[in-house]
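Inspection log for the structure reproduced underneath, given as structure tokens.
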Amino acid sequence: MLTTSLVFACLMTAPPPATPPIELATSTLLMVHAKFAQPSGDYAELSDGKRPGEQPAFNWSVGVTLSALNAAAAHDPKFQAPLEAYLARVDRYWNPNGPVPGFDVLPGPPHPNDRYYDDNAWMVMALAESAAITRNDRWIRRAEESLRYVMSGESETLGGGVYWKEREKTSKNTCSNGPSAAAALAIYQSTKNKAYLDFAIRTYEWTVRNLRDPEDNLYWDNLTVTDRRLERMKWSYNTALMIKAGWELSKQPGQAAKREEALASAHSAVKHWIDPQTGHMRCEGRFAHLLFEVLVDIERDGKVELFDEMAVLRGVAALRDANGLFGKRWDRPAEPGTHRYEILDQMAFVRIAFHMLKR
């Protein structure tokens, strides 16, 4: 079997790309691969900046890594082989145990049985992309199975919405509901199963009612089950996925009003998270990359101007340290002497850099 390491060894001998966005995307991906890829073909969760750690990536990191490889392969077919090699490793995270099978937080067997509904929503979206790029229906089937797990997290407690975590059903979070709606829409596009569209609509609308700040149209973090306590922290990816879901829903019959909801949140998000002077994004990269991506998509799809894409891309790229890697934040460099880099923060940039090249 062709491993990601063998494939990337070949790619590293290729001549450097010609244009700045391509160079940023390709050089960062090759750097991350060199410092996080394990001999098994997995990626490590951590690196000291020189070599990969022993623990394989958590499932959230897998979803982001897969999305980054998708974006690379969608731009340039030479990256399809690394994508397919990684897909072969990803399925080890699939936990077939009941009550509903789904992706677990670490690979098995045995599985730790520590499943998150948001992790699975990221996998649904990533695998739907992988299926289209590789033209392999195996991955759309797996994506649909993962969506069934996501949908099993919905309940009438608090009037609807999807829980965050299977083991501890203590809160309903924007980070589980926004991605769940977007994931259902991704599979609806392939299957036209109306149950997925209906789930996306009610999940999106529940989140708008319960977790949107009416003052600025940004989204709070979660609502606790026992006492309806509202956690008012605002993360960029929460708003991003609600923008994404609202924008896509607005294209469906009877849902046109959601376009203006999405645009209102998008304009507010730009003001809240993007520094117009430096291009830095005032959040952690693992969250901010999703906001960057959805803003780019809306600009191109809706023919609207929201922000300076290249200024932000270059502003964030300038934060790489002497190891060529990112710290957690996208508004300041990694702390000097950092010896604990996370794969999430690296592949987040790879995703947006290649996504910029999408036309």
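Ordering of the structure tokens sets the chain letters (A, B, ...), residue numbers begin anew at 1 in every chain, and ligands are numbered from 1 in the order given.
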For this session: Considering only C-alpha atoms, return as a list in words whatever protein or nucleic-acid residues lie within 7 Å of Ala25 of chain A, sequence-local ones (same chain, fewer than 4 positions apart) excluded.
Result: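 Close residues of Ala25 of chain A: Pro21, Leu29, Val350, Ala353 and Phe354 of chain A.
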Show which residues sit within 10 Å of segment 193-201 of chain A, as a PyMOL selection string. Count only C-alpha atoms, and ignore same-chain residues fewer than 3 positions away.
chain A and resi 144+147-148+151+154+161+177-190+204-206+245-246+249+252+255
Residue nearest Ala88 of chain A among A:Gly41, A:Met125, A:Ala73, A:Gly337 (counting only C-alpha atoms):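 Nearest candidate to Ala88 of chain A out of A:Gly41, A:Met125, A:Ala73, A:Gly337: A:Gly41.
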**Message:** Can you measure atom CA of Ala266 of chain A to atom CA of Glu305 of chain A for me? One decimal in Å is fine.
**Reply:**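 Going from atom CA of Ala266 of chain A over to atom CA of Glu305 of chain A, I get 10.6 Å.
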Next item on the list: For each of A:Leu230, A:His280, A:Glu309, A:Asp104, take the minimum atom-to-atom distance to Asp297 of chain A, counting only C-alpha atoms, then give the residue where this is smallest.
Entry: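 The answer is A:Glu309, which sits nearest to Asp297 of chain A.
When only C-alpha atoms are used to measure the gap to Arg138 of chain A, the shortest distance among A:Asp76, A:Asp91, A:Glu45, A:Gly98 belongs to A:Asp91.
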